[in-house]
Structure formats: C-alpha cells, structure tokens
Amino acid sequence: MKKILSLFLSLICVSAFADNTSTLPPARVSLFSTSVDWAAVTGLPWQQYRGEITGTSKLLVKEGLVLYYLDGFPCYGEADSVRVWLSPNGKMSGNLRLVCVHKPETVSFAYRNATEDALDGRSLGILTCPTTGDRYFKIDISKCIRGKNWTEYR
C-alpha cells in the first residue's frame, strides 16, 4: 500500500511541475511602456498639431483611400482623430489631430482602399509621408513613400 501511495504522490508532483505552456492562454501585451511619457523623458511640452492631407496618388482608386495614423515619436494620435478618408479626387474627410513634443517631420499611416463609410478592416501596408508647415501641417499624398505590405514583415 505504501508503494502505491508513494507512486500516486510522485505522479501528482511530476504533473505539477510538467511544462504545460501549450495549454496556457497567450500572454497579454501591455501597450503602456516606460517611453509613453515622451514629455517627461524629453523635457518638451505636449502640443496639439493638426494635419491636412491633399493631392492625388495612384493609391487613390474609385473607392477612395482610408488612412490610419500610426503612433510614433514624437507624436500620438488623438483617439477620435486618427482615421481619415481621401476621396478619389483627393478631398479629405475626417480629422488628423496629433499630440506631439515637437512637429513631426514625417508621419506614417496604415492604408487600405475603401469607401468613406466602410467598416474598419485590415489595412494593406504602410505609407510614410513628409509634412510641411507647423502646428497646422500639410501632407501631400503624392509625396508619400509606400513601404512594405504587412505580409512582407514576417
């Protein structure tokens, strides 16, 4: 009887220390890193900047072009103002408002072709665009550089 009890307890201990990581849920990712407070890190004050997108591009097809601002130093997008739509003739719908520690020289967007009222969906890739101006900056969509598609980042 002692041998059976000893074997049973051994199995319980072994199973408790077994590697069961395949059954664990995926790890949560925290989007709040130590670099979030760029104003504190740089000593520069936060300011609001507004962007206007103009021009035409071969990416502007008959549905139009949806752009999603991608946060990156020196700016964060304001939650309600990071999605804009460009009509096929280059007219902008929506607001691009950023909070920055200095004016961005470039901004990056995820993009996809869709109508103005389309539900948000998966974007195709990245656009990096130079800015001109100051607190009210402009982006000429024809000067944006198309980067890799998301599938190429693997």
# chains A, B, ... in the order shown; residues from 1 in each chain; ligands from 1

$ residues_around --residues "A:Leu127" --least-positions-apart "4" --cutoff "10 Å" --atoms "only C-alpha atoms" --output "ChimeraX atom specification"
/A:67-70,107-111,141,143-149

$ write_last_selection --atoms "all heavy atoms" --output "tab-separated table (two decimals), in the first residue's frame"
chain	number	residue	atom	x	y	z
A	67	LEU	N	-6.86	56.07	-44.38
A	67	LEU	CA	-5.55	56.16	-43.73
A	67	LEU	C	-5.75	56.10	-42.22
A	67	LEU	O	-6.61	56.77	-41.67
A	67	LEU	CB	-4.85	57.47	-44.09
A	67	LEU	CG	-4.59	57.71	-45.57
A	67	LEU	CD1	-4.03	59.12	-45.77
A	67	LEU	CD2	-3.64	56.68	-46.13
A	68	TYR	N	-4.93	55.29	-41.56
A	68	TYR	CA	-4.94	55.17	-40.10
A	68	TYR	C	-3.58	55.64	-39.61
A	68	TYR	O	-2.56	55.02	-39.93
A	68	TYR	CB	-5.15	53.72	-39.67
A	68	TYR	CG	-6.39	53.07	-40.24
A	68	TYR	CD1	-6.33	52.35	-41.42
A	68	TYR	CD2	-7.60	53.15	-39.57
A	68	TYR	CE1	-7.45	51.73	-41.94
A	68	TYR	CE2	-8.73	52.55	-40.08
A	68	TYR	CZ	-8.65	51.84	-41.26
A	68	TYR	OH	-9.77	51.24	-41.76
A	69	TYR	N	-3.55	56.70	-38.82
A	69	TYR	CA	-2.29	57.20	-38.30
A	69	TYR	C	-1.64	56.18	-37.38
A	69	TYR	O	-2.29	55.58	-36.52
A	69	TYR	CB	-2.50	58.52	-37.53
A	69	TYR	CG	-1.25	59.00	-36.85
A	69	TYR	CD1	-0.21	59.53	-37.60
A	69	TYR	CD2	-1.07	58.84	-35.48
A	69	TYR	CE1	0.97	59.93	-36.98
A	69	TYR	CE2	0.09	59.24	-34.86
A	69	TYR	CZ	1.12	59.78	-35.62
A	69	TYR	OH	2.28	60.16	-35.02
A	70	LEU	N	-0.34	55.97	-37.56
A	70	LEU	CA	0.42	55.05	-36.72
A	70	LEU	C	1.26	55.87	-35.74
A	70	LEU	O	2.11	56.66	-36.15
A	70	LEU	CB	1.33	54.16	-37.58
A	70	LEU	CG	0.62	53.27	-38.58
A	70	LEU	CD1	1.62	52.56	-39.48
A	70	LEU	CD2	-0.26	52.26	-37.86
A	107	VAL	N	5.04	61.49	-41.02
A	107	VAL	CA	4.02	60.70	-40.32
A	107	VAL	C	3.83	59.41	-41.10
A	107	VAL	O	4.06	59.37	-42.31
A	107	VAL	CB	2.68	61.45	-40.17
A	107	VAL	CG1	2.82	62.63	-39.23
A	107	VAL	CG2	2.14	61.90	-41.50
A	108	SER	N	3.43	58.37	-40.39
A	108	SER	CA	3.20	57.08	-41.03
A	108	SER	C	1.75	56.67	-40.87
A	108	SER	O	1.12	56.93	-39.84
A	108	SER	CB	4.10	56.01	-40.41
A	108	SER	OG	5.45	56.30	-40.68
A	109	PHE	N	1.24	56.04	-41.92
A	109	PHE	CA	-0.14	55.57	-41.94
A	109	PHE	C	-0.19	54.12	-42.38
A	109	PHE	O	0.59	53.69	-43.23
A	109	PHE	CB	-0.97	56.36	-42.96
A	109	PHE	CG	-1.10	57.82	-42.68
A	109	PHE	CD1	-0.29	58.74	-43.34
A	109	PHE	CD2	-2.04	58.29	-41.78
A	109	PHE	CE1	-0.42	60.09	-43.10
A	109	PHE	CE2	-2.17	59.65	-41.54
A	109	PHE	CZ	-1.35	60.55	-42.20
A	110	ALA	N	-1.15	53.39	-41.83
A	110	ALA	CA	-1.58	52.13	-42.44
A	110	ALA	C	-2.66	52.56	-43.43
A	110	ALA	O	-3.38	53.52	-43.19
A	110	ALA	CB	-2.15	51.20	-41.38
A	111	TYR	N	-2.76	51.87	-44.56
A	111	TYR	CA	-3.73	52.31	-45.57
A	111	TYR	C	-4.48	51.12	-46.15
A	111	TYR	O	-4.03	49.98	-46.11
A	111	TYR	CB	-3.04	53.09	-46.69
A	111	TYR	CG	-2.20	52.21	-47.59
A	111	TYR	CD1	-2.71	51.69	-48.77
A	111	TYR	CD2	-0.89	51.87	-47.25
A	111	TYR	CE1	-1.95	50.87	-49.58
A	111	TYR	CE2	-0.13	51.06	-48.05
A	111	TYR	CZ	-0.66	50.56	-49.22
A	111	TYR	OH	0.09	49.74	-50.01
A	141	ILE	N	-0.20	63.80	-50.45
A	141	ILE	CA	-0.24	62.35	-50.57
A	141	ILE	C	0.62	61.85	-51.73
A	141	ILE	O	1.14	60.73	-51.70
A	141	ILE	CB	-1.70	61.85	-50.69
A	141	ILE	CG1	-1.80	60.33	-50.49
A	141	ILE	CG2	-2.30	62.24	-52.02
A	141	ILE	CD1	-1.66	59.89	-49.10
A	143	LYS	N	3.55	62.72	-52.34
A	143	LYS	CA	4.94	62.64	-51.90
A	143	LYS	C	5.18	61.54	-50.86
A	143	LYS	O	6.29	61.38	-50.37
A	143	LYS	CB	5.39	64.00	-51.34
A	143	LYS	CG	5.40	65.06	-52.43
A	143	LYS	CD	5.88	66.38	-51.91
A	143	LYS	CE	5.87	67.37	-53.07
A	143	LYS	NZ	6.20	68.70	-52.65
A	144	CYS	N	4.13	60.80	-50.53
A	144	CYS	CA	4.26	59.71	-49.57
A	144	CYS	C	5.01	58.54	-50.20
A	144	CYS	O	4.88	58.28	-51.40
A	144	CYS	CB	2.89	59.24	-49.09
A	144	CYS	SG	1.98	60.49	-48.15
A	145	ILE	N	5.77	57.86	-49.38
A	145	ILE	CA	6.52	56.70	-49.85
A	145	ILE	C	5.82	55.45	-49.36
A	145	ILE	O	5.58	55.29	-48.15
A	145	ILE	CB	7.97	56.74	-49.32
A	145	ILE	CG1	8.68	57.97	-49.86
A	145	ILE	CG2	8.71	55.46	-49.69
A	145	ILE	CD1	10.00	58.25	-49.18
A	146	ARG	N	5.49	54.59	-50.30
A	146	ARG	CA	4.82	53.34	-49.94
A	146	ARG	C	5.86	52.35	-49.45
A	146	ARG	O	6.83	52.05	-50.13
A	146	ARG	CB	4.09	52.78	-51.16
A	146	ARG	CG	3.29	51.57	-50.85
A	146	ARG	CD	2.48	51.14	-52.05
A	146	ARG	NE	2.05	49.79	-51.84
A	146	ARG	CZ	2.08	48.84	-52.74
A	146	ARG	NH1	2.50	49.11	-53.95
A	146	ARG	NH2	1.68	47.64	-52.44
A	147	GLY	N	5.65	51.86	-48.24
A	147	GLY	CA	6.55	50.86	-47.67
A	147	GLY	C	6.08	49.46	-47.97
A	147	GLY	O	5.26	49.23	-48.86
A	148	LYS	N	6.56	48.55	-47.18
A	148	LYS	CA	6.20	47.15	-47.36
A	148	LYS	C	4.73	46.90	-47.05
A	148	LYS	O	4.12	47.60	-46.25
A	148	LYS	CB	7.02	46.28	-46.41
A	148	LYS	CG	8.50	46.28	-46.67
A	148	LYS	CD	9.19	45.40	-45.64
A	148	LYS	CE	10.67	45.36	-45.83
A	148	LYS	NZ	11.34	44.53	-44.83
A	149	ASN	N	4.18	45.87	-47.68
A	149	ASN	CA	2.88	45.37	-47.27
A	149	ASN	C	3.09	44.57	-46.00
A	149	ASN	O	4.18	44.07	-45.73
A	149	ASN	CB	2.27	44.48	-48.35
A	149	ASN	CG	1.80	45.30	-49.54
A	149	ASN	OD1	1.57	46.50	-49.43
A	149	ASN	ND2	1.67	44.66	-50.66

$ residues_around --residues "A:Leu96" --least-positions-apart "2" --cutoff "8 Å" --atoms "only C-alpha atoms" --output "list in words"
Arg50, Gly51, Glu52, Tyr69, Gly77, Ser81, Val82, Arg83, Val84, Gly94 and Leu98 of chain A

$ select_by_dssp --residues "stretch 64-153 of chain A" --states "helix (DSSP H, G or I)" --output "number ranges by chain"
A: 141-143, 150-153

$ atom_distance --atom1 "atom CA of A:Ser93" --atom2 "atom CA of A:Thr151"
28.0 Å

$ closest_residue --among "A:Ala118, A:Cys75, A:Val66, A:Leu124" --to "A:Leu44" --atoms "only C-alpha atoms"
A:Cys75

$ residues_around --residues "A:Thr132" --least-positions-apart "3" --cutoff "12 Å" --atoms "only C-alpha atoms" --output "ChimeraX atom specification"
/A:49-54,103-107,129,135-141,143

$ closest_residue --among "A:His102, A:Lys91, A:Lys62, A:Arg97" --to "A:Glu78" --atoms "only C-alpha atoms"
A:Arg97

$ atom_distance --atom1 "atom CA of A:Leu59" --atom2 "atom CA of A:Arg112"
8.7 Å

$ atom_distance --atom1 "atom CA of A:Leu60" --atom2 "atom CA of A:Gly125"
14.4 Å

$ closest_residue --among "A:Pro45, A:Gly72, A:Leu65, A:Asn89" --to "A:Asp120" --atoms "only C-alpha atoms"
A:Leu65

$ closest_residue --among "A:Ala114, A:Val101, A:Val41, A:Val61" --to "A:Pro88" --atoms "only C-alpha atoms"
A:Val61

$ closest_residue --among "A:Val99, A:Thr115, A:Lys58, A:Gly121" --to "A:Trp85" --atoms "only C-alpha atoms"
A:Thr115

$ decode --residues "stretch 30-131 of chain A" --atoms "C-alpha atoms" --output "PDB file, in the first residue's frame"
ATOM      1  CA  SER A  30       0.965  45.946 -22.400  1.00  0.00           C
ATOM      2  CA  LEU A  31       0.796  48.949 -24.698  1.00  0.00           C
ATOM      3  CA  PHE A  32       1.965  51.270 -21.955  1.00  0.00           C
ATOM      4  CA  SER A  33       5.719  51.110 -21.957  1.00  0.00           C
ATOM      5  CA  THR A  34       8.134  53.267 -19.997  1.00  0.00           C
ATOM      6  CA  SER A  35       8.615  55.502 -23.048  1.00  0.00           C
ATOM      7  CA  VAL A  36       4.964  56.563 -23.220  1.00  0.00           C
ATOM      8  CA  ASP A  37       5.526  59.875 -21.436  1.00  0.00           C
ATOM      9  CA  TRP A  38       7.774  61.487 -24.032  1.00  0.00           C
ATOM     10  CA  ALA A  39       7.167  64.901 -22.467  1.00  0.00           C
ATOM     11  CA  ALA A  40       8.702  63.734 -19.195  1.00  0.00           C
ATOM     12  CA  VAL A  41      11.549  61.895 -20.933  1.00  0.00           C
ATOM     13  CA  THR A  42      12.457  64.777 -23.280  1.00  0.00           C
ATOM     14  CA  GLY A  43      11.520  67.759 -21.123  1.00  0.00           C
ATOM     15  CA  LEU A  44       9.480  69.128 -24.049  1.00  0.00           C
ATOM     16  CA  PRO A  45       5.826  70.089 -23.521  1.00  0.00           C
ATOM     17  CA  TRP A  46       2.957  68.333 -25.271  1.00  0.00           C
ATOM     18  CA  GLN A  47       1.264  70.373 -28.008  1.00  0.00           C
ATOM     19  CA  GLN A  48      -1.602  69.658 -30.357  1.00  0.00           C
ATOM     20  CA  TYR A  49      -0.957  69.525 -34.101  1.00  0.00           C
ATOM     21  CA  ARG A  50      -3.487  69.250 -36.914  1.00  0.00           C
ATOM     22  CA  GLY A  51      -2.804  67.715 -40.272  1.00  0.00           C
ATOM     23  CA  GLU A  52      -4.443  68.182 -43.648  1.00  0.00           C
ATOM     24  CA  ILE A  53      -3.910  65.716 -46.468  1.00  0.00           C
ATOM     25  CA  THR A  54      -4.125  66.922 -50.056  1.00  0.00           C
ATOM     26  CA  GLY A  55      -3.122  65.841 -53.529  1.00  0.00           C
ATOM     27  CA  THR A  56      -3.652  62.738 -55.575  1.00  0.00           C
ATOM     28  CA  SER A  57      -1.889  59.422 -55.753  1.00  0.00           C
ATOM     29  CA  LYS A  58      -2.102  56.206 -57.724  1.00  0.00           C
ATOM     30  CA  LEU A  59      -3.304  54.664 -54.460  1.00  0.00           C
ATOM     31  CA  LEU A  60      -6.490  56.764 -54.721  1.00  0.00           C
ATOM     32  CA  VAL A  61      -8.770  54.413 -56.623  1.00  0.00           C
ATOM     33  CA  LYS A  62     -12.516  54.734 -57.192  1.00  0.00           C
ATOM     34  CA  GLU A  63     -13.386  53.594 -53.629  1.00  0.00           C
ATOM     35  CA  GLY A  64     -11.065  56.098 -52.020  1.00  0.00           C
ATOM     36  CA  LEU A  65      -8.270  55.620 -49.527  1.00  0.00           C
ATOM     37  CA  VAL A  66      -8.583  55.101 -45.759  1.00  0.00           C
ATOM     38  CA  LEU A  67      -5.548  56.156 -43.730  1.00  0.00           C
ATOM     39  CA  TYR A  68      -4.941  55.171 -40.101  1.00  0.00           C
ATOM     40  CA  TYR A  69      -2.291  57.204 -38.298  1.00  0.00           C
ATOM     41  CA  LEU A  70       0.420  55.051 -36.718  1.00  0.00           C
ATOM     42  CA  ASP A  71       1.760  56.420 -33.431  1.00  0.00           C
ATOM     43  CA  GLY A  72       5.486  57.065 -33.350  1.00  0.00           C
ATOM     44  CA  PHE A  73       7.895  59.501 -31.787  1.00  0.00           C
ATOM     45  CA  PRO A  74       7.338  62.476 -31.482  1.00  0.00           C
ATOM     46  CA  CYS A  75       3.531  62.056 -31.683  1.00  0.00           C
ATOM     47  CA  TYR A  76       0.499  60.127 -30.565  1.00  0.00           C
ATOM     48  CA  GLY A  77      -2.777  60.344 -32.412  1.00  0.00           C
ATOM     49  CA  GLU A  78      -5.819  61.580 -30.509  1.00  0.00           C
ATOM     50  CA  ALA A  79      -8.242  58.666 -30.217  1.00  0.00           C
ATOM     51  CA  ASP A  80     -11.071  60.152 -32.277  1.00  0.00           C
ATOM     52  CA  SER A  81      -8.832  61.688 -34.933  1.00  0.00           C
ATOM     53  CA  VAL A  82      -6.531  59.040 -36.379  1.00  0.00           C
ATOM     54  CA  ARG A  83      -8.659  57.773 -39.288  1.00  0.00           C
ATOM     55  CA  VAL A  84      -9.128  59.870 -42.396  1.00  0.00           C
ATOM     56  CA  TRP A  85     -10.590  59.095 -45.784  1.00  0.00           C
ATOM     57  CA  LEU A  86      -9.442  60.550 -49.086  1.00  0.00           C
ATOM     58  CA  SER A  87     -11.908  60.678 -51.945  1.00  0.00           C
ATOM     59  CA  PRO A  88     -10.740  59.621 -55.417  1.00  0.00           C
ATOM     60  CA  ASN A  89     -10.182  63.316 -56.224  1.00  0.00           C
ATOM     61  CA  GLY A  90      -8.087  63.891 -53.078  1.00  0.00           C
ATOM     62  CA  LYS A  91     -10.608  65.571 -50.749  1.00  0.00           C
ATOM     63  CA  MET A  92     -10.070  64.681 -47.094  1.00  0.00           C
ATOM     64  CA  SER A  93     -12.838  63.551 -44.752  1.00  0.00           C
ATOM     65  CA  GLY A  94     -12.102  63.239 -41.051  1.00  0.00           C
ATOM     66  CA  ASN A  95      -9.612  64.905 -38.728  1.00  0.00           C
ATOM     67  CA  LEU A  96      -5.960  64.227 -38.127  1.00  0.00           C
ATOM     68  CA  ARG A  97      -5.097  65.555 -34.664  1.00  0.00           C
ATOM     69  CA  LEU A  98      -1.849  64.602 -33.019  1.00  0.00           C
ATOM     70  CA  VAL A  99      -0.312  65.301 -29.627  1.00  0.00           C
ATOM     71  CA  CYS A 100       3.431  65.778 -30.032  1.00  0.00           C
ATOM     72  CA  VAL A 101       6.505  67.008 -28.207  1.00  0.00           C
ATOM     73  CA  HIS A 102       7.592  68.691 -31.466  1.00  0.00           C
ATOM     74  CA  LYS A 103       6.321  68.936 -35.029  1.00  0.00           C
ATOM     75  CA  PRO A 104       6.686  65.643 -36.870  1.00  0.00           C
ATOM     76  CA  GLU A 105       8.936  65.732 -39.934  1.00  0.00           C
ATOM     77  CA  THR A 106       7.131  62.649 -41.265  1.00  0.00           C
ATOM     78  CA  VAL A 107       4.024  60.705 -40.324  1.00  0.00           C
ATOM     79  CA  SER A 108       3.202  57.079 -41.028  1.00  0.00           C
ATOM     80  CA  PHE A 109      -0.138  55.567 -41.938  1.00  0.00           C
ATOM     81  CA  ALA A 110      -1.581  52.134 -42.436  1.00  0.00           C
ATOM     82  CA  TYR A 111      -3.730  52.306 -45.569  1.00  0.00           C
ATOM     83  CA  ARG A 112      -6.408  50.449 -47.478  1.00  0.00           C
ATOM     84  CA  ASN A 113      -8.804  51.139 -50.312  1.00  0.00           C
ATOM     85  CA  ALA A 114     -12.401  51.516 -49.149  1.00  0.00           C
ATOM     86  CA  THR A 115     -15.421  53.763 -49.332  1.00  0.00           C
ATOM     87  CA  GLU A 116     -15.824  56.536 -46.781  1.00  0.00           C
ATOM     88  CA  ASP A 117     -18.463  54.745 -44.711  1.00  0.00           C
ATOM     89  CA  ALA A 118     -16.878  51.285 -44.885  1.00  0.00           C
ATOM     90  CA  LEU A 119     -16.343  49.460 -41.638  1.00  0.00           C
ATOM     91  CA  ASP A 120     -12.747  49.326 -40.476  1.00  0.00           C
ATOM     92  CA  GLY A 121     -10.913  46.361 -41.914  1.00  0.00           C
ATOM     93  CA  ARG A 122      -7.445  45.039 -42.405  1.00  0.00           C
ATOM     94  CA  SER A 123      -5.057  47.518 -43.996  1.00  0.00           C
ATOM     95  CA  LEU A 124      -2.569  46.666 -46.731  1.00  0.00           C
ATOM     96  CA  GLY A 125       0.693  48.230 -45.633  1.00  0.00           C
ATOM     97  CA  ILE A 126       2.458  51.408 -44.577  1.00  0.00           C
ATOM     98  CA  LEU A 127       2.830  54.884 -46.080  1.00  0.00           C
ATOM     99  CA  THR A 128       5.420  57.358 -44.790  1.00  0.00           C
ATOM    100  CA  CYS A 129       4.680  60.965 -45.636  1.00  0.00           C
ATOM    101  CA  PRO A 130       6.711  64.179 -45.231  1.00  0.00           C
ATOM    102  CA  THR A 131       4.984  67.139 -43.591  1.00  0.00           C
TER     103      THR A 131
END
